[in-house]
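Q: My questions will all concern the structure given below.
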Amino acid sequence: MTQIEPKITVIISVYNGARNLQRCIDSVAGQEYIDKELVIMDGGSTDGTPNILEASDDSISYWESEPDGGIYHAWNKALQHASGDWICFLGADDYLYSSKVLNDMSARLAAAYPKVRVVYGRVEIRDHGGRQVATIGEPWEVARKEFFERMNIPHPGTFQHRSLFEEHGHFDETFRIAGDYELLMRELKERSALFVDTPVS
């Protein structure tokens with residue numbers, strides 16, 4: 001049976017991220033995969049970020065620039081504009097590893113659902129000179145042993161099925177930095193994740 005390629009939404013949150021935002025946008029816009037969309041939430045930047053968004057309007061499905069209550073508030077607002085089957089969240093200083101990332105992940109995403117609703121790959125950590133200093137991401141069979149003690153799933157390399165949000169609700173905005181971890185805990189306390197051994201971002 002032929003699997004239907006899923007639509008993938010990439011959500012970027014940014015605040016005064018003009019230095020790196022264009023690279024992030026270009027990494028999504030340059031994907032070979034066709035069925036994708038890009039949603040960007042800017043928290044009311046004053047450093048020229050809105051100018052970048054205006055100039056890149058043709059590559060963005062939806063964007064806005066206004067003050068928000070933090071990253072999880074921004075992501076929750078973005079989810080209202082996301083129409084993809086799978087959703088990936090990036091920061092302005094993140095970028096997709098290559099132009100083939102969404103192509104390479106699409107078949108794995110299609111095969112994973114409905115059994116699995118969290119699929120993740122590897123994330124490379126690089127310094128300001130572009131040198132790789134660490135790699136995050138390990139098979140779920142290994143990661144699950146410590147997952148409820150620490151966040152060991154790299155969120156910029158993770159795809160979450162939209163039904164996850166329909167069941168569990170959105171990110172808890174009372175968290176400043178652990179809202180992504182808390183949401184994944186809601187999902188993975190009774191379900192499994194799938195690790196794909198490929199760099200995502």
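Chains: A, B, ... in order of the structure tokens. Residues: from 1 per chain. Ligands: from 1, in order shown.
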Using only C-alpha atoms, which protein or nucleic acid residues come within 6 Å of range 38-53 of chain A? Drop anything in the same chain fewer than 2 positions from it, and give the result as a count of residues only.
A: 22
Q: Within 7 Å of range 187-198 of chain A, which residues of range 53-130 of chain A come that close, and what is the closest atom pair and distance in Å for each? Count only C-alpha atoms and give it as JSON lines.
A:
{"residue": "A:Val116", "atom": "CA", "partner": "A:Ala193", "partner_atom": "CA", "distance": 5.9}
{"residue": "A:Arg117", "atom": "CA", "partner": "A:Ala193", "partner_atom": "CA", "distance": 6.9}
{"residue": "A:Val118", "atom": "CA", "partner": "A:Ala193", "partner_atom": "CA", "distance": 4.9}
{"residue": "A:Val119", "atom": "CA", "partner": "A:Leu194", "partner_atom": "CA", "distance": 4.7}
{"residue": "A:Tyr120", "atom": "CA", "partner": "A:Phe195", "partner_atom": "CA", "distance": 5.1}
{"residue": "A:Gly121", "atom": "CA", "partner": "A:Val196", "partner_atom": "CA", "distance": 4.8}
{"residue": "A:Arg122", "atom": "CA", "partner": "A:Thr198", "partner_atom": "CA", "distance": 5.7}
Q: Could you pull out the strand (DSSP E or B) residues of range 1-182 of chain A, going by DSSP on the backbone, and write them as number ranges by chain?
A: A: 8-14, 36-42, 62-65, 86-91, 118-126, 132-136, 158-161
Q: For Asn20 in chain A, which residue among A:Pro114, A:Gly129, A:Gly91, A:Gly137 is the nearest when counting only C-alpha atoms?
A: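 Among the listed residues, the smallest separation from Asn20 in chain A belongs to A:Gly91.
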Q: Give the answer as one residue: which of A:Ala29, A:Val200, A:Leu21, A:Ile153 has the shortest atom-to-atom distance to Ser106 in chain A, using only C-alpha atoms?
A: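 Among the listed residues, the smallest separation from Ser106 in chain A belongs to A:Val200.
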Q: Just checking: using only C-alpha atoms, which residue out of A:Tyr95, A:Tyr72, A:Trp140, A:Phe165 ends up closest to Ile25 in chain A?
A: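 Checking each of A:Tyr95, A:Tyr72, A:Trp140, A:Phe165 against Ile25 in chain A, counting only C-alpha atoms, the winner is A:Tyr95.
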Q: Select, from A:Ser201, A:Asp104, A:Ala111, A:His81, the residue with the minimum atom-to-atom distance to Thr158 in chain A, counting only C-alpha atoms.
A: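 Among the listed residues, A:Ser201 lies closest to Thr158 in chain A.
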Q: How many Å lie between CA of Trp75 in chain A and CA of Ala110 in chain A, rounded to one decimal?
A: 23.4 Å
Q: CA of Met151 in chain A and CA of Arg131 in chain A, how far apart in Å?
A: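 The value is 23.8 Å.
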Q: Just the number, please: distance in Å from CA of Ala107 in chain A to CA of Lys145 in chain A, one decimal.
A: 27.0 Å
